[in-house]
Every structure is written in structure tokens, then in C-alpha cells.
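Pasted below: entry.tsv, TSV, C-alpha atoms.
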```tsv
chain	number	residue	atom	x	y	z
A	1	SER	CA	211.88	3.31	-19.59
A	2	SER	CA	213.29	6.79	-19.67
A	3	PRO	CA	212.15	9.61	-17.35
A	4	LYS	CA	210.81	11.58	-20.32
A	5	LYS	CA	208.36	8.81	-21.18
A	6	GLU	CA	207.12	8.66	-17.55
A	7	LYS	CA	206.38	12.38	-17.60
A	8	ASN	CA	204.41	12.01	-20.83
A	9	ASN	CA	202.35	9.16	-19.35
A	10	LYS	CA	201.48	11.26	-16.27
A	11	LYS	CA	199.97	13.89	-18.53
A	12	TYR	CA	197.43	11.40	-19.90
A	13	LEU	CA	196.35	10.10	-16.44
A	14	ILE	CA	194.51	13.33	-15.43
A	15	MET	CA	190.84	12.59	-14.45
A	16	VAL	CA	188.10	14.47	-16.31
A	17	LYS	CA	185.16	15.71	-14.18
A	18	LYS	CA	181.83	14.14	-15.17
A	19	LYS	CA	179.18	16.54	-16.40
A	20	TYR	CA	175.74	16.15	-14.75
A	21	THR	CA	172.65	16.94	-16.77
A	22	SER	CA	170.37	19.58	-15.28
A	23	LYS	CA	166.79	18.66	-14.31
A	24	ARG	CA	165.52	22.02	-15.45
A	25	ILE	CA	163.39	22.07	-18.56
A	26	SER	CA	162.47	24.82	-20.94
A	27	LEU	CA	159.21	26.75	-20.49
A	28	LYS	CA	157.97	25.37	-23.79
A	29	ASP	CA	158.18	21.78	-22.51
A	30	LYS	CA	156.78	22.78	-19.13
A	31	TYR	CA	153.68	24.40	-20.64
A	32	LYS	CA	153.27	21.44	-23.00
A	33	ILE	CA	153.16	19.05	-20.03
A	34	GLN	CA	150.64	21.28	-18.24
A	35	ARG	CA	148.39	21.34	-21.31
A	36	ARG	CA	148.52	17.56	-21.57
A	37	VAL	CA	147.59	17.15	-17.90
A	38	VAL	CA	144.63	19.52	-18.26
A	39	GLU	CA	143.50	17.73	-21.42
A	40	SER	CA	143.77	14.35	-19.69
A	41	HIS	CA	141.67	15.56	-16.75
A	42	ARG	CA	139.09	17.00	-19.12
A	43	LYS	CA	138.80	13.71	-20.99
A	44	SER	CA	138.44	11.75	-17.76
A	45	ARG	CA	135.66	14.06	-16.55
A	46	LYS	CA	133.87	13.76	-19.88
A	47	GLN	CA	134.16	9.97	-19.79
A	48	SER	CA	132.85	9.83	-16.20
A	49	LYS	CA	129.78	11.89	-17.23
A	50	LYS	CA	129.11	9.51	-20.14
A	51	ASP	CA	129.46	6.49	-17.85
A	52	LYS	CA	127.09	8.03	-15.32
A	53	LYS	CA	124.42	8.59	-17.98
A	54	ALA	CA	124.88	5.06	-19.32
A	55	GLY	CA	124.87	3.53	-15.84
A	56	ILE	CA	128.37	2.11	-16.13
A	57	VAL	CA	130.35	1.76	-12.91
A	58	ARG	CA	134.12	1.64	-13.30
A	59	HIS	CA	135.99	0.39	-10.27
A	60	ASP	CA	139.30	1.95	-9.40
A	61	LYS	CA	142.32	-0.26	-9.65
A	62	THR	CA	143.18	-0.46	-5.98
A	63	LYS	CA	145.95	-2.56	-4.59
A	64	LYS	CA	144.91	-5.86	-3.09
A	65	ASP	CA	145.51	-6.61	0.54
A	66	PRO	CA	148.71	-8.65	0.72
A	67	GLY	CA	147.37	-10.48	3.78
A	68	ILE	CA	149.23	-11.64	6.85
A	69	PRO	CA	152.79	-12.81	6.24
A	70	ASN	CA	153.68	-16.41	7.16
A	71	SER	CA	156.37	-15.21	9.53
A	72	TRP	CA	153.78	-13.40	11.68
A	73	PRO	CA	153.45	-15.05	15.14
A	74	PHE	CA	150.02	-16.58	15.99
A	75	LYS	CA	148.86	-16.20	12.41
A	76	GLN	CA	146.12	-18.84	12.69
A	77	GLU	CA	144.60	-17.29	15.82
A	78	LEU	CA	144.58	-13.89	14.16
A	79	LEU	CA	142.87	-15.30	11.05
A	80	GLN	CA	140.21	-16.94	13.23
A	81	GLU	CA	139.51	-13.66	15.02
A	82	VAL	CA	139.18	-11.85	11.69
A	83	ALA	CA	136.76	-14.52	10.41
A	84	LYS	CA	134.63	-14.28	13.60
A	85	ALA	CA	134.46	-10.49	13.36
A	86	ARG	CA	133.43	-10.76	9.73
A	87	GLU	CA	130.67	-13.26	10.60
A	88	LYS	CA	129.37	-11.00	13.38
A	89	ALA	CA	129.26	-8.02	11.01
A	90	GLU	CA	127.37	-10.05	8.40
A	91	GLN	CA	124.91	-11.32	11.03
A	92	LYS	CA	124.29	-7.80	12.32
A	93	LYS	CA	123.76	-6.57	8.78
A	94	LEU	CA	121.16	-9.28	8.14
A	95	GLU	CA	119.35	-8.47	11.40
A	96	MET	CA	119.14	-4.80	10.51
A	97	LYS	CA	117.83	-5.70	7.06
A	98	GLN	CA	115.18	-7.96	8.61
A	99	LYS	CA	114.11	-5.20	11.03
A	100	ARG	CA	113.74	-2.74	8.18
A	101	LYS	CA	111.57	-5.20	6.30
A	102	GLU	CA	109.36	-5.75	9.34
A	103	ALA	CA	109.05	-2.01	9.93
A	104	LYS	CA	107.89	-1.53	6.34
A	105	THR	CA	105.27	-4.27	6.55
A	106	GLN	CA	103.82	-3.04	9.88
A	107	THR	CA	100.74	-0.82	9.71
A	108	MET	CA	100.13	2.28	11.80
A	109	GLU	CA	97.77	0.40	14.16
A	110	GLU	CA	100.39	-2.25	14.85
A	111	LEU	CA	103.02	0.39	15.57
A	112	MET	CA	100.69	2.19	17.99
A	113	ALA	CA	99.84	-1.08	19.75
A	114	GLN	CA	103.52	-1.95	20.03
A	115	ALA	CA	104.33	1.49	21.45
A	116	ASN	CA	101.49	1.25	24.00
A	117	GLN	CA	102.61	-2.22	25.02
A	118	SER	CA	106.21	-1.14	25.56
A	119	ARG	CA	105.03	1.88	27.56
A	120	ALA	CA	102.82	-0.30	29.76
A	121	GLU	CA	105.72	-2.68	30.39
A	122	PHE	CA	107.96	0.23	31.33
A	123	ASP	CA	105.37	1.65	33.74
A	124	ALA	CA	104.92	-1.77	35.34
A	125	LYS	CA	108.67	-2.09	35.87
A	126	GLN	CA	109.04	1.38	37.35
A	127	GLY	CA	106.17	0.88	39.82
A	128	SER	CA	103.06	2.71	40.78
A	129	GLY	CA	104.93	5.53	42.56
A	130	ILE	CA	106.66	6.71	39.42
A	131	SER	CA	103.47	6.41	37.38
A	132	SER	CA	101.59	8.60	39.87
A	133	SER	CA	104.39	11.18	39.79
A	134	ASN	CA	104.25	11.12	35.99
A	135	ALA	CA	100.52	11.74	36.15
A	136	MET	CA	101.11	14.70	38.47
A	137	ASP	CA	103.76	16.06	36.10
A	138	ASP	CA	101.36	15.73	33.19
A	139	SER	CA	98.64	17.58	35.11
A	140	VAL	CA	101.06	20.37	36.07
A	141	ARG	CA	102.22	20.61	32.48
A	142	ASP	CA	98.63	20.85	31.24
A	143	VAL	CA	97.90	23.64	33.76
A	144	GLN	CA	101.01	25.53	32.66
A	145	GLN	CA	100.07	25.19	29.00
A	146	ALA	CA	96.53	26.41	29.68
A	147	HIS	CA	97.89	29.37	31.65
A	148	GLY	CA	100.33	30.19	28.85
A	149	GLN	CA	97.54	30.09	26.27
A	150	GLN	CA	95.40	32.41	28.39
A	151	SER	CA	98.31	34.86	28.74
A	152	ARG	CA	98.89	34.75	24.98
A	153	ARG	CA	95.21	35.45	24.28
A	154	ALA	CA	95.22	38.38	26.72
A	155	TYR	CA	98.40	39.77	25.14
A	156	LEU	CA	96.93	39.49	21.63
A	157	ARG	CA	93.74	41.27	22.75
A	158	GLU	CA	95.75	44.17	24.17
A	159	LEU	CA	97.93	44.28	21.05
A	160	LYS	CA	94.84	44.46	18.84
A	161	LYS	CA	93.50	47.37	20.90
A	162	VAL	CA	96.82	49.26	20.55
A	163	ILE	CA	96.95	48.64	16.79
A	164	ASP	CA	93.34	49.77	16.29
A	165	ALA	CA	93.94	52.98	18.29
A	166	SER	CA	97.24	53.84	16.51
A	167	ASP	CA	97.91	55.54	13.21
A	168	VAL	CA	101.70	54.97	13.18
A	169	LEU	CA	103.33	51.87	14.69
A	170	LEU	CA	106.95	52.06	15.85
A	171	GLN	CA	108.80	48.74	15.78
A	172	ILE	CA	111.91	48.97	17.98
A	173	LEU	CA	114.82	46.86	16.72
A	174	ASP	CA	118.05	46.14	18.59
A	175	ALA	CA	120.97	47.20	16.39
A	176	ARG	CA	122.97	44.20	17.61
A	177	ASP	CA	120.36	41.75	16.22
A	178	PRO	CA	117.76	43.51	14.04
A	179	VAL	CA	116.46	40.31	12.45
A	180	GLY	CA	116.00	38.50	15.77
A	181	THR	CA	114.12	41.41	17.38
A	182	ARG	CA	111.83	42.00	14.39
A	183	ILE	CA	108.37	40.46	14.07
A	184	SER	CA	107.68	38.13	11.18
A	185	THR	CA	106.80	39.43	7.72
A	186	MET	CA	103.39	37.74	7.86
A	187	VAL	CA	102.43	39.69	11.01
A	188	GLU	CA	103.66	42.93	9.47
A	189	ASN	CA	101.58	42.35	6.33
A	190	THR	CA	98.52	41.54	8.46
A	191	ILE	CA	98.89	44.77	10.44
A	192	LEU	CA	99.49	46.90	7.34
A	193	SER	CA	96.55	45.35	5.48
A	194	HIS	CA	94.54	48.29	6.94
A	195	TYR	CA	95.04	51.18	4.56
A	196	ASP	CA	95.28	53.79	7.35
A	197	LYS	CA	98.16	52.14	9.24
A	198	ARG	CA	101.84	53.03	8.86
A	199	MET	CA	104.91	51.31	10.30
A	200	VAL	CA	108.29	52.82	11.13
A	201	LEU	CA	111.34	50.76	12.09
A	202	VAL	CA	113.47	52.30	14.85
A	203	LEU	CA	117.03	50.93	14.94
A	204	ASN	CA	117.98	51.47	18.59
A	205	LYS	CA	121.36	51.20	20.40
A	206	ILE	CA	123.39	52.22	17.35
A	207	ASP	CA	126.25	53.24	19.64
A	208	LEU	CA	126.97	49.56	20.36
A	209	ILE	CA	127.90	48.56	16.78
A	210	PRO	CA	130.27	50.05	14.15
A	211	LYS	CA	129.11	52.86	11.87
A	212	ASP	CA	129.48	50.71	8.75
A	213	ALA	CA	127.14	48.12	10.24
A	214	VAL	CA	124.57	50.83	11.07
A	215	GLN	CA	124.70	52.15	7.51
A	216	GLY	CA	124.34	48.65	6.08
A	217	TRP	CA	121.33	47.79	8.25
A	218	LEU	CA	119.64	51.09	7.39
A	219	THR	CA	120.06	50.34	3.68
A	220	VAL	CA	118.54	46.87	4.09
A	221	LEU	CA	115.66	47.85	6.39
A	222	ARG	CA	114.62	50.89	4.35
A	223	ARG	CA	113.76	48.60	1.45
A	224	SER	CA	110.65	47.46	3.36
A	225	HIS	CA	109.70	50.34	5.72
A	226	PRO	CA	110.94	53.81	6.73
A	227	THR	CA	113.78	53.36	9.22
A	228	VAL	CA	115.29	55.74	11.75
A	229	ALA	CA	118.57	55.18	13.63
A	230	MET	CA	118.48	56.11	17.30
A	231	LYS	CA	120.47	56.17	20.50
A	232	ALA	CA	118.54	56.81	23.68
A	233	GLY	CA	119.77	59.41	26.16
A	234	THR	CA	120.90	58.35	29.64
A	235	ASN	CA	119.61	59.59	33.01
A	236	GLN	CA	122.84	61.56	33.40
A	237	SER	CA	122.08	63.54	30.26
A	238	ARG	CA	118.60	64.42	31.51
A	239	SER	CA	119.95	65.83	34.75
A	240	ASN	CA	122.97	67.65	33.35
A	241	GLU	CA	121.60	68.99	30.08
A	242	THR	CA	118.57	71.01	29.17
A	243	LYS	CA	115.53	69.46	27.58
A	244	SER	CA	116.19	71.26	24.33
A	245	SER	CA	119.55	69.49	23.92
A	246	VAL	CA	118.15	65.97	24.27
A	247	GLY	CA	118.18	64.30	20.87
A	248	ARG	CA	120.23	67.09	19.30
A	249	ALA	CA	123.77	65.77	19.76
A	250	LYS	CA	125.66	66.13	16.48
A	251	GLY	CA	129.12	65.56	15.13
A	252	ASP	CA	131.57	62.69	15.41
A	253	GLY	CA	131.32	62.49	19.20
A	254	ALA	CA	127.51	62.31	19.26
A	255	LEU	CA	127.43	58.55	19.79
A	256	GLN	CA	129.88	58.77	22.70
A	257	SER	CA	127.91	61.55	24.42
A	258	ALA	CA	125.16	61.01	27.01
A	259	SER	CA	122.55	62.78	24.86
A	260	GLY	CA	120.08	60.98	22.69
A	261	VAL	CA	120.65	60.77	18.94
A	262	GLY	CA	118.02	60.49	16.22
A	263	VAL	CA	115.00	61.67	18.22
A	264	GLU	CA	114.57	64.81	16.11
A	265	GLY	CA	114.45	62.78	12.89
A	266	LEU	CA	111.80	60.48	14.32
A	267	LEU	CA	109.67	63.41	15.51
A	268	GLN	CA	109.98	65.10	12.11
A	269	LEU	CA	108.84	61.90	10.39
A	270	LEU	CA	105.82	61.63	12.70
A	271	LYS	CA	104.94	65.30	12.02
A	272	ASN	CA	105.03	64.65	8.28
A	273	TYR	CA	102.69	61.69	8.72
A	274	ALA	CA	100.36	63.86	10.84
A	275	ARG	CA	100.28	66.57	8.14
A	276	SER	CA	99.61	64.09	5.34
A	277	SER	CA	96.82	62.38	7.29
A	278	GLY	CA	95.27	65.81	8.09
A	279	GLU	CA	95.34	66.79	4.43
A	280	ASP	CA	93.71	63.49	3.46
A	281	LYS	CA	90.90	64.05	5.97
A	282	LYS	CA	90.31	67.60	4.66
A	283	SER	CA	90.21	66.43	1.08
A	284	LYS	CA	87.74	63.68	1.96
A	285	SER	CA	85.46	66.10	3.84
```
How does this structure look as C-alpha cells?
Amino acid sequence: SSPKKEKNNKKYLIMVKKKYTSKRISLKDKYKIQRRVVESHRKSRKQSKKDKKAGIVRHDKTKKDPGIPNSWPFKQELLQEVAKAREKAEQKKLEMKQKRKEAKTQTMEELMAQANQSRAEFDAKQGSGISSSNAMDDSVRDVQQAHGQQSRRAYLRELKKVIDASDVLLQILDARDPVGTRISTMVENTILSHYDKRMVLVLNKIDLIPKDAVQGWLTVLRRSHPTVAMKAGTNQSRSNETKSSVGRAKGDGALQSASGVGVEGLLQLLKNYARSSGEDKKSKS
């Protein structure tokens, strides 16, 4: 072969690089796939609703347990343990089922007798010393309950006297927990069932929460009763400032000052109530 032919052959032996196809798809195909997925999910939900109405239960096609391979050491012992555990679980399940059946068939008298019997057995096991101490505890508890009831009755009597002697009732609420420090709606309605009684909610300690929270609570509380926001003055303010300045702190730094805030608004509200009640009495006379 001549050298010219060898050169020509070398030209044809050049390797061509393989072209790889891109995994990217066009947006048209992408959105088509998304629509098909959504449609498939919609159909499956619709079918599940139909099956639920018809009472059809479709079990999912789950993979079966392949079991223990033959090459596993001590395979027989492991299978025996699994069988024993399964038998115990079945036995426990049957016992629980039997207990539920017995509990359903028992009447209230039988249950009470069974409870009394178990209590008597327990007392007999513990001994007479523990039973006597239990009796003493019960007596002490009864005395405490009686004392608590007496205190409650005395408190309610005093509260009734205060309500009868008052024209305007101030309910002090802690700004940190207004709902927890407020009496129930039923008690409020009972108190206000008298036509001549008025109630004012006083939101105290407003300097301990943010301004937005104060504004929000005022909006909520004023839906039911007139509400005034307040911050009490400290002892330092009473000694350092004049009486005329107490309750008159204004501006952005009012909450940080030692003076009280909101007292003037509360007094003005009470004056308005006093004027309106005086006018009502004059018109009646």
C-alpha cells in the first residue's frame, strides 16, 4: 500500500462525538402533564366519595411481606417466637372483648357492689391504722368544705349589699389577661337586670402591654360595656407631684411616667352618669 492511501484511511477513522438528548421538555408538555395529574386526582377523589356512599371498601395494593429468608440463622426459633407473640395478642384481644361484654351486661347495682367489695378488700389489706387515718382525712376535708361554703356565703352577702348600694359598678380588669380577670357573662347579666345599675370596665395596668394590644382590647370590650383604659400612679408620683397632676399625664411618655393615666376620663364618665341619673329623678318627680 502506498503512503497516500494510508493518509486517506486516517481521515475516515476520526471518532464522532455522540449527541445526548436533553431531559428538558417544553412548557406545553409540562402543563399537559400537570393537567393530567390534577384530573387523575380529581377522578380518584370522586370515586372514593361514591364508594363511601355505597359502602364499598377498596383495599390498597400493598406489597406482601416476603417473610424470613431460608439463609437466616435460627429461622425456626424465630418463627416459633413470632407465632407465640401472635397467639398472646389474640388471647389478650379476646379477653378484652369478653370484659367489654361483661361490663355491658352488668347493671348499676352490680357495679356499685363490686366497687364496694374491692374497696373493703383494699381497706382490709391496708389495716385499721390506715382506715382510721382516712376517716380523719375525710372529716378534715368535710370541715374545710363547710368552712369554704360559709366563707362563700358571707362573701356573696357582702357583694349583694355593695351592689344594692351602688349606682355604677366598676369592674377592674388586668390588661395582661382581661378575659381571665373578668366575671362571667351570666353574673353580669344578673347584676344588670336591675334597670338602675350601670357597669364600667376599667382596663388597668395598660403600661405592661403594647399599645396595639390595648387598642384591640378596648375595641372588643366596648362592644359589651363602656371601657376606660387606666394606669395607676405610684407612691413616688404622689410625693413628688401635686395632686392636680395625678391622672393628667399626657403625650407619648405618659405610660413611662410615675403619674396615673386615664383617671380623668373615668371621673368624667362617672360625672355624666350622675348628671343623667339626676335628670331622670327630676323628670320623674
Between A:Ile163, A:Leu208, A:Ile33, A:Ala120, smallest distance to Thr190 in chain A by all atoms listed in the file belongs to A:Ile163
What is the distance, in Å and to one decimal place, between CA of Ala85 in chain A and CA of Arg100 in chain A?
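Computing it gives 22.7 Å between the two atoms.
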Would you list the contacts of range 225-231 of chain A as a list in words, taking every protein, DNA or RNA residue within 6 Å and counting all atoms listed in the file, but skipping same-chain residues closer than 4 positions in sequence?
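Selected residues are Val200, Leu201, Val202, Leu203, Asn204, Lys205, Ile206, Gly260, Val261 and Gly262 of chain A.
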Keeping C-alpha atoms for every residue in the selection just given, could you write it to a file as an mmCIF file, keeping the file's coordinate frame?
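Generated output (out-v1.cif):
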```
data_model
loop_
_atom_site.group_PDB
_atom_site.id
_atom_site.type_symbol
_atom_site.label_atom_id
_atom_site.label_comp_id
_atom_site.auth_asym_id
_atom_site.auth_seq_id
_atom_site.Cartn_x
_atom_site.Cartn_y
_atom_site.Cartn_z
ATOM 1 C CA VAL A 200 108.290 52.820 11.130
ATOM 2 C CA LEU A 201 111.340 50.760 12.090
ATOM 3 C CA VAL A 202 113.470 52.300 14.850
ATOM 4 C CA LEU A 203 117.030 50.930 14.940
ATOM 5 C CA ASN A 204 117.980 51.470 18.590
ATOM 6 C CA LYS A 205 121.360 51.200 20.400
ATOM 7 C CA ILE A 206 123.390 52.220 17.350
ATOM 8 C CA GLY A 260 120.080 60.980 22.690
ATOM 9 C CA VAL A 261 120.650 60.770 18.940
ATOM 10 C CA GLY A 262 118.020 60.490 16.220
#
```
Grab the CA of Lys64 in chain A to CA of Val82 in chain A distance for me, in Å with one decimal place.
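Going from CA of Lys64 in chain A over to CA of Val82 in chain A covers 16.9 Å.
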For Ile183 in chain A, which of A:Met199, A:Ile209, A:Ala103, A:Ala124 is the closest residue, counting only C-alpha atoms?
A:Met199
Top pick for closest residue to Trp217 in chain A, considering A:Lys271, A:Arg176, A:His59, A:Asp123 and counting all atoms listed in the file
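Looking only at the distances to Trp217 in chain A, the closest residue turns out to be A:Arg176.
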One decimal, in Å: what's the spacing between CA of Gln98 in chain A and CA of Glu110 in chain A?
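Between CA of Gln98 in chain A and CA of Glu110 in chain A the gap works out to 17.0 Å.
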From the set A:Asp207, A:Leu79, A:Glu188, A:Ala115, which residue has the shortest atom-to-atom contact distance to Gly67 in chain A, counting only C-alpha atoms?
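Answer, going by the shortest atom-to-atom distance: A:Leu79.
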Looking at A:Leu159, A:Ser224, A:Val168, A:Ala213, which one is nearest to Asn189 in chain A, with distances taken over all atoms listed in the file?
A:Ser224
Between A:Ala175, A:Asp167, A:Leu192, A:Ser151, which is the closest to Tyr273 in chain A once you count all atoms listed in the file?
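Ranked by minimum distance to Tyr273 in chain A, first place goes to A:Asp167.
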